[in-house]
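What's in data_2.txt: compact mmCIF, C-alpha atoms and all ligand atoms
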```txt
# COMPACT_ATOMS: atom_id res chain seq x y z
CA MET A 1 184.83 115.81 162.20
CA ALA A 2 188.44 116.40 161.14
CA LYS A 3 189.15 118.14 164.43
CA TRP A 4 187.91 115.11 166.34
CA TRP A 5 190.24 112.84 164.35
CA SER A 6 193.12 115.23 164.68
CA GLU A 7 192.80 115.60 168.44
CA PHE A 8 191.64 112.27 169.75
CA ASN A 9 192.67 109.52 167.36
CA ASP A 10 196.46 109.56 167.38
CA ASP A 11 196.61 106.71 169.93
CA PHE A 12 193.84 104.69 168.30
CA ARG A 13 194.83 101.12 167.19
CA SER A 14 198.52 101.98 167.56
CA HIS A 15 199.69 98.45 166.61
CA GLU A 16 198.82 99.30 162.99
CA ILE A 17 201.65 101.81 162.77
CA PRO A 18 204.62 99.38 163.06
CA TYR A 19 202.83 96.84 160.87
CA PHE A 20 202.74 99.10 157.79
CA GLN A 21 206.08 100.67 158.70
CA ARG A 22 207.95 97.36 158.31
CA PHE A 23 206.83 97.10 154.68
CA ILE A 24 207.84 100.67 153.89
CA GLU A 25 211.24 100.23 155.53
CA SER A 26 212.07 97.04 153.64
CA ASP A 27 212.73 98.59 150.25
CA GLY A 28 209.22 100.11 150.09
CA GLN A 29 209.93 103.81 149.49
CA PRO A 30 208.48 106.05 148.34
CA ALA A 31 205.12 105.16 149.88
CA LEU A 32 201.63 106.61 149.53
CA ASP A 33 199.22 106.78 152.48
CA VAL A 34 195.78 106.62 150.85
CA ALA A 35 193.09 108.27 153.02
CA CYS A 36 195.77 109.52 155.38
CA GLY A 37 193.27 111.45 157.50
CA THR A 38 195.05 113.75 159.90
CA GLY A 39 198.28 111.75 159.71
CA ARG A 40 197.94 109.12 162.43
CA LEU A 41 200.29 106.85 160.44
CA LEU A 42 201.93 109.38 158.13
CA LEU A 43 203.40 111.54 160.91
CA PRO A 44 205.21 108.72 162.75
CA TYR A 45 206.63 107.62 159.38
CA LEU A 46 207.91 111.14 158.63
CA ARG A 47 209.47 111.21 162.09
CA ALA A 48 211.19 107.92 161.21
CA GLY A 49 212.68 109.60 158.13
CA LEU A 50 210.55 107.69 155.60
CA ASP A 51 209.55 109.11 152.23
CA VAL A 52 205.74 109.04 152.42
CA ASP A 53 203.10 111.11 150.59
CA GLY A 54 199.45 111.29 151.63
CA CYS A 55 196.08 111.79 150.02
CA ASP A 56 192.55 112.06 151.37
CA VAL A 57 189.18 113.04 149.94
CA SER A 58 188.64 115.53 152.77
CA ALA A 59 190.23 118.97 152.49
CA ASP A 60 189.67 119.43 156.25
CA MET A 61 191.58 116.22 157.07
CA ILE A 62 194.46 117.22 154.76
CA ALA A 63 194.55 120.73 156.26
CA ALA A 64 194.76 119.27 159.78
CA CYS A 65 197.44 116.81 158.64
CA ARG A 66 199.47 119.58 156.99
CA GLU A 67 199.21 121.75 160.08
CA LYS A 68 200.48 118.97 162.33
CA ALA A 69 203.31 118.13 159.93
CA THR A 70 204.36 121.77 159.57
CA ARG A 71 204.40 122.16 163.36
CA GLU A 72 207.03 119.42 163.45
CA GLY A 73 209.04 120.90 160.57
CA PHE A 74 207.87 118.50 157.82
CA SER A 75 206.42 119.44 154.45
CA PRO A 76 205.01 116.22 152.99
CA ASN A 77 203.31 116.02 149.60
CA LEU A 78 199.61 115.93 150.50
CA TYR A 79 196.78 115.75 147.99
CA VAL A 80 193.03 116.24 148.29
CA GLN A 81 191.78 113.44 146.05
CA PRO A 82 189.32 110.55 146.30
CA MET A 83 191.08 107.22 146.02
CA HIS A 84 189.20 106.25 142.86
CA GLU A 85 190.42 109.36 141.00
CA LEU A 86 194.09 109.59 141.88
CA ASP A 87 196.10 111.99 139.77
CA LEU A 88 199.63 112.09 141.20
CA PRO A 89 203.05 113.17 139.97
CA ARG A 90 205.00 110.06 140.99
CA ARG A 91 204.82 106.27 141.39
CA TYR A 92 205.29 104.35 144.63
CA LYS A 93 206.91 101.18 145.88
CA THR A 94 204.26 100.88 148.63
CA ILE A 95 200.66 102.03 148.69
CA TYR A 96 198.75 101.43 151.89
CA VAL A 97 195.13 102.05 152.82
CA CYS A 98 194.23 101.90 156.50
CA GLY A 99 190.63 102.06 157.70
CA ALA A 100 189.23 103.61 154.56
CA PHE A 101 188.55 101.21 151.68
CA GLY A 102 184.83 101.24 150.85
CA LEU A 103 184.10 104.49 152.72
CA GLY A 104 181.82 106.95 150.98
CA SER A 105 182.00 105.13 147.65
CA ASN A 106 180.16 102.52 145.62
CA ARG A 107 181.43 99.21 144.28
CA GLU A 108 182.32 100.57 140.87
CA GLN A 109 184.39 103.31 142.49
CA ASP A 110 186.06 100.75 144.75
CA PHE A 111 187.12 98.80 141.65
CA GLN A 112 188.38 102.06 140.13
CA ALA A 113 190.33 102.71 143.31
CA LEU A 114 192.07 99.32 143.01
CA SER A 115 192.98 100.20 139.42
CA CYS A 116 194.39 103.53 140.59
CA PHE A 117 196.52 101.77 143.21
CA TYR A 118 197.77 99.42 140.49
CA GLU A 119 198.55 102.31 138.16
CA TYR A 120 200.45 104.28 140.80
CA LEU A 121 202.57 101.37 142.00
CA GLU A 122 205.94 100.72 140.44
CA PRO A 123 206.28 97.26 138.90
CA GLY A 124 206.96 94.86 141.79
CA GLY A 125 205.48 97.38 144.26
CA THR A 126 203.26 96.36 147.18
CA LEU A 127 199.67 97.25 147.98
CA LEU A 128 198.55 96.92 151.61
CA LEU A 129 194.80 97.19 151.99
CA ASP A 130 193.05 96.59 155.29
CA ASN A 131 189.41 95.71 155.76
CA GLU A 132 187.20 95.34 158.82
CA VAL A 133 185.10 92.23 158.30
CA PRO A 134 181.33 92.83 158.15
CA TYR A 135 180.73 90.51 161.14
CA ALA A 136 183.16 92.39 163.44
CA ASP A 137 180.50 94.60 164.99
CA ALA A 138 177.66 92.66 166.64
CA SER A 139 175.48 95.77 166.89
CA GLN A 140 175.55 96.08 163.08
CA TRP A 141 175.75 92.44 162.08
CA LYS A 142 172.21 91.83 163.34
CA TYR A 143 170.85 94.14 160.63
CA TRP A 144 171.79 91.57 157.96
CA LEU A 145 168.72 89.71 159.26
CA LYS A 146 165.34 90.80 157.91
CA ASP A 147 163.52 90.96 161.25
CA ASP A 148 166.21 93.02 162.99
CA ARG A 149 166.59 95.29 159.98
CA ALA A 150 162.98 96.38 160.42
CA ALA A 151 164.20 98.39 163.46
CA LEU A 152 166.23 100.72 161.19
CA PRO A 153 166.82 103.60 161.25
CA GLU A 154 168.22 103.46 164.78
CA ALA A 155 167.07 106.15 167.18
CA MET A 156 169.54 109.01 167.47
CA ARG A 157 171.82 108.26 170.41
CA PRO A 158 171.99 110.67 173.35
CA PRO A 159 174.68 113.33 173.02
CA GLY A 160 178.13 111.76 173.26
CA GLU A 161 180.70 112.71 175.89
CA ARG A 162 182.25 116.09 175.15
CA ARG A 163 186.04 116.07 174.97
CA ARG A 164 188.22 119.12 175.38
CA ALA A 165 190.66 119.78 172.54
CA SER A 166 193.88 121.79 172.47
CA ASP A 167 192.01 124.87 171.13
CA GLY A 168 189.93 124.95 174.34
CA ALA A 169 186.72 123.93 172.56
CA GLU A 170 184.83 120.76 173.42
CA TYR A 171 183.85 118.26 170.73
CA ALA A 172 181.25 115.50 170.69
CA LEU A 173 180.58 112.89 168.03
CA ARG A 174 177.77 110.38 167.66
CA SER A 175 176.47 108.15 164.92
CA ARG A 176 173.59 105.85 164.11
CA ALA A 177 172.86 103.25 161.45
CA VAL A 178 170.00 104.29 159.19
CA ASP A 179 170.11 101.52 156.60
CA LEU A 180 171.83 98.24 155.80
CA ASP A 181 171.46 96.60 152.43
CA PRO A 182 172.61 92.95 152.58
CA LEU A 183 172.09 92.50 148.85
CA GLY A 184 174.22 95.49 147.85
CA GLN A 185 176.43 94.95 150.94
CA HIS A 186 176.57 98.41 152.37
CA VAL A 187 175.57 100.18 155.56
CA THR A 188 174.55 103.83 155.82
CA LEU A 189 175.45 105.79 158.93
CA GLU A 190 174.50 109.27 160.01
CA MET A 191 177.19 111.08 161.94
CA HIS A 192 176.65 114.18 164.03
CA ALA A 193 179.52 116.31 165.31
CA GLU A 194 179.26 119.26 167.72
CA MET A 195 181.69 121.94 168.82
CA TRP A 196 181.02 123.64 172.16
CA ARG A 197 182.76 126.61 173.76
CA ASP A 198 182.04 127.97 177.25
CA GLY A 199 178.86 125.90 177.47
CA THR A 200 177.49 127.16 174.12
CA LEU A 201 177.03 125.06 171.00
CA GLU A 202 179.12 126.97 168.40
CA SER A 203 178.77 124.70 165.39
CA GLU A 204 177.51 121.31 164.34
CA GLU A 205 177.92 119.07 161.30
CA ASP A 206 175.86 116.20 159.93
CA HIS A 207 177.23 113.69 157.46
CA THR A 208 175.75 110.63 155.83
CA LEU A 209 178.33 107.94 155.27
CA ASN A 210 177.89 104.94 153.03
CA ILE A 211 180.24 102.05 153.85
CA GLY A 212 180.80 99.10 151.51
CA LEU A 213 180.98 95.75 153.33
CA TYR A 214 183.46 93.25 151.94
CA PHE A 215 184.27 89.64 152.74
CA LYS A 216 187.71 88.10 152.33
CA ASN A 217 187.14 85.99 149.22
CA GLU A 218 185.42 88.83 147.43
CA LEU A 219 188.35 91.19 147.96
CA LEU A 220 190.76 88.48 146.81
CA LEU A 221 188.83 88.18 143.55
CA MET A 222 188.69 91.95 143.10
CA LEU A 223 192.44 92.24 143.58
CA GLU A 224 193.10 89.38 141.16
CA ARG A 225 190.78 90.91 138.58
CA THR A 226 192.68 94.19 138.86
CA GLY A 227 195.91 92.37 138.00
CA PHE A 228 197.56 91.98 141.42
CA THR A 229 199.59 88.83 142.10
CA ASN A 230 201.17 87.07 145.12
CA ILE A 231 198.18 88.04 147.26
CA VAL A 232 198.59 87.15 150.92
CA VAL A 233 196.09 87.86 153.69
CA HIS A 234 197.18 88.77 157.21
CA GLY A 235 195.05 88.74 160.37
CA GLU A 236 194.74 91.83 162.59
CA HIS A 237 197.73 93.80 161.26
CA THR A 238 200.16 91.03 162.17
CA GLU A 239 202.14 88.92 159.75
CA ARG A 240 200.20 85.73 160.37
CA GLU A 241 197.35 83.95 158.62
CA PRO A 242 193.89 85.28 159.43
CA THR A 243 191.43 83.31 161.56
CA SER A 244 187.64 83.46 161.79
CA ASP A 245 188.01 85.44 165.03
CA ASP A 246 189.92 88.33 163.45
CA ASP A 247 188.04 91.61 163.03
CA PHE A 248 190.56 93.03 160.56
CA MET A 249 192.40 91.55 157.63
CA VAL A 250 195.17 93.06 155.56
CA PHE A 251 195.54 92.14 151.90
CA VAL A 252 199.15 92.30 150.75
CA ALA A 253 199.42 92.21 146.96
CA THR A 254 202.12 92.75 144.34
CA LYS A 255 201.93 94.66 141.07
C1 LIG B 1 188.70 106.17 159.48
S1 LIG B 1 189.61 107.49 158.78
C2 LIG B 1 191.23 106.75 158.67
C3 LIG B 1 192.32 107.76 158.52
C4 LIG B 1 193.74 107.17 158.53
N1 LIG B 1 193.97 106.27 157.43
C5 LIG B 1 194.00 106.47 159.84
O1 LIG B 1 194.08 105.23 159.84
O2 LIG B 1 194.07 107.16 160.85
C6 LIG B 1 189.04 107.45 157.14
C7 LIG B 1 189.63 108.49 156.23
O3 LIG B 1 189.27 108.14 154.90
C8 LIG B 1 189.00 109.31 154.19
N2 LIG B 1 188.19 108.90 153.03
C9 LIG B 1 186.92 108.44 153.05
N3 LIG B 1 186.53 108.12 151.80
C10 LIG B 1 187.59 108.35 151.00
C11 LIG B 1 187.81 108.23 149.60
N4 LIG B 1 186.84 107.76 148.81
N5 LIG B 1 189.01 108.58 149.09
C12 LIG B 1 189.98 109.05 149.91
N6 LIG B 1 189.84 109.22 151.24
C13 LIG B 1 188.66 108.86 151.77
C14 LIG B 1 188.29 110.18 155.20
O4 LIG B 1 188.30 111.54 154.83
C15 LIG B 1 189.10 109.90 156.45
O5 LIG B 1 190.18 110.77 156.56
```
Can the structure in the file be given as structure tokens, please?
Ligand SMILES: C[S@@+](CC[C@H](N)C(=O)[O-])C[C@H]1O[C@@H](n2cnc3c(N)ncnc32)[C@H](O)[C@@H]1O
Amino acid sequence: MAKWWSEFNDDFRSHEIPYFQRFIESDGQPALDVACGTGRLLLPYLRAGLDVDGCDVSADMIAACREKATREGFSPNLYVQPMHELDLPRRYKTIYVCGAFGLGSNREQDFQALSCFYEYLEPGGTLLLDNEVPYADASQWKYWLKDDRAALPEAMRPPGERRRASDGAEYALRSRAVDLDPLGQHVTLEMHAEMWRDGTLESEEDHTLNIGLYFKNELLLMLERTGFTNIVVHGEHTEREPTSDDDFMVFVATK
């Protein structure tokens, strides 16, 4: 899974990189990249000379991130920690979370994560938290309705396209929704990853991923309850007000 991210996701949603970068550059260092993955954002920021640390719950993701950073001559502070149990040696002027809030956690842990972000920000520091709205994906949104939900779990999809990575192996990734709970507001996905070499399946991984589904007003209340102030919401990683047509929102909040 980490290899897939490391190899094929660097160019994914590239407009997000300058969006967060502007906040870090305007008196926002040091910064913490929460759930940094394999460094899609962190590495461009290191290249730009910014002081950014990273953390991620996955040791594989952090190892891939470290390897890429080392290859370019960087040695960032990287920590294997879940965002709701941060234990870090310094405080930050900016903490950003991109594509990860609500992943693999429950609501209580998500609240704990917000408290951790608050604790690890310097007074006056900025939290940037993005969220994909639950109605962004039509194929999943239908499962909020009782009759459509009866079709879950989805059938396993046919094997995905295999993509060749720099190590010569081919990787394939597929997922399916197995459950959606509209009352608890979470969806459960099963992910299947394969690694092939010379036409032979060398290894495969299966993961079950629980994803919390949050709406705008709910996240605003959660941030307020945690103690954040001056909360502004941006649409689609741009510094403008969100609209109903936006799939992503970014919550910008001050400690
Ligand atoms: C969709 S990827 C995004 C990675 C990176 N932020 C980016 O935008 O490229 C989600 C990342 O969140 C990490 N993650 C998931 N749950 C987490 C948690 N509870 N605490 C910290 N990291 C988590 C995963 O290991 C993965 O690296």
*Which of these, A:Pro123, A:Gly99, A:Pro89, A:Pro182, has the shortest distance to ligand LIG 1 (chain B) once you count all atoms listed in the file?*
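With all atoms listed in the file as the atom set, the closest residue is A:Gly99.
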*Could you tell me, as an MDAnalysis selection string, which residues have any atom at most 10 Å from (193.5, 89.4, 157.5), counting only C-alpha atoms?*
chainID A and resid 129:133 216 232:244 246:252
*asked:* Taking only C-alpha atoms and all ligand atoms and a cut-off of 7 Å, can you tell me which residues surround ligand LIG 1 (chain B), written as a ChimeraX atom specification?
replied: /A:34-41,55-58,61,81-84,97-100,103-105
*Given the choices A:Leu201, A:Ala69, A:Leu32, A:Ile211, which gets closest to Tyr120 of chain A if the distance is worked out from all atoms listed in the file?*
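Smallest distance to Tyr120 of chain A is found for A:Leu32.
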*Taking into account all atoms listed in the file, which residue in the set A:Gly102, A:Pro44, A:Gly212, A:Gly227 is nearest to Phe117 of chain A?*
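Closest candidate: A:Gly227.
Comparing A:Leu183, A:Met222, A:Cys116, A:Ala177 by their smallest distance to Ser139 of chain A, the closest is A:Ala177 (using only C-alpha atoms).
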*Nearby residues (only C-alpha atoms) at most 6 Å from Arg162 of chain A, same-chain spacing under 5 positions excluded, as a ChimeraX atom specification*: /A:170-172
Starting from 4 Å padding per side, set up an axis-aligned box that covers all listed atoms of segment 182-196 of chain A and hand over centre and edge lengths in Å, one decimal, as JSON.
```
{"center_x": 176.9, "center_y": 108.1, "center_z": 160.0, "size_x": 17.6, "size_y": 39.1, "size_z": 32.3}
```
*asked:* Using all atoms listed in the file, can you tell me which of A:Gly168, A:Arg163, A:Asp181, A:Glu25 comes closest to Arg149 of chain A?
replied: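 The answer is A:Asp181, which sits nearest to Arg149 of chain A.
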_Residues within 9 Å of Leu88 of chain A, please, as a list of chain:residue names. Count only C-alpha atoms; anything in the same chain fewer than 2 positions from it doesn't count._
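Near neighbours after the sequence-gap exclusion: A:Tyr79, A:Leu86, A:Arg90, A:Arg91, A:Tyr120.
Among the candidate residues A:Tyr45, A:Trp144, A:Ala150, A:Leu209, the one lying nearest to Gly184 of chain A is A:Trp144, with distances computed using only C-alpha atoms.
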Could you pull segment 200-211 of chain A out of the structure I just pasted and write it to a file containing N, CA, C and O atoms, as a compact mmCIF listing (two decimals), in the first residue's frame?
```
# COMPACT_ATOMS: atom_id res chain seq x y z
N THR A 200 4.33 -13.17 -11.84
CA THR A 200 3.96 -13.97 -10.67
C THR A 200 3.53 -13.07 -9.52
O THR A 200 4.18 -12.05 -9.26
N LEU A 201 2.45 -13.44 -8.86
CA LEU A 201 1.99 -12.67 -7.71
C LEU A 201 2.93 -12.96 -6.54
O LEU A 201 2.97 -14.07 -6.02
N GLU A 202 3.71 -11.94 -6.11
CA GLU A 202 4.71 -12.16 -5.06
C GLU A 202 4.16 -11.91 -3.68
O GLU A 202 4.52 -12.56 -2.71
N SER A 203 3.29 -10.89 -3.54
CA SER A 203 2.69 -10.67 -2.23
C SER A 203 1.40 -9.88 -2.38
O SER A 203 1.18 -9.22 -3.40
N GLU A 204 0.55 -10.02 -1.39
CA GLU A 204 -0.71 -9.27 -1.40
C GLU A 204 -1.06 -8.86 0.03
O GLU A 204 -0.64 -9.51 0.99
N GLU A 205 -1.81 -7.77 0.12
CA GLU A 205 -2.20 -7.23 1.43
C GLU A 205 -3.68 -6.91 1.40
O GLU A 205 -4.18 -6.40 0.41
N ASP A 206 -4.36 -7.17 2.52
CA ASP A 206 -5.76 -6.75 2.66
C ASP A 206 -5.88 -5.88 3.89
O ASP A 206 -5.31 -6.18 4.93
N HIS A 207 -6.58 -4.77 3.73
CA HIS A 207 -6.80 -3.86 4.86
C HIS A 207 -8.27 -3.48 4.91
O HIS A 207 -8.90 -3.29 3.87
N THR A 208 -8.78 -3.36 6.12
CA THR A 208 -10.12 -2.80 6.30
C THR A 208 -9.95 -1.40 6.83
O THR A 208 -9.21 -1.17 7.79
N LEU A 209 -10.61 -0.45 6.17
CA LEU A 209 -10.42 0.95 6.53
C LEU A 209 -11.76 1.57 6.89
O LEU A 209 -12.70 1.56 6.09
N ASN A 210 -11.82 2.08 8.10
CA ASN A 210 -13.02 2.79 8.55
C ASN A 210 -12.80 4.29 8.34
O ASN A 210 -11.77 4.83 8.73
N ILE A 211 -13.75 4.95 7.68
CA ILE A 211 -13.58 6.38 7.40
C ILE A 211 -14.76 7.16 8.00
O ILE A 211 -15.92 6.92 7.64
```
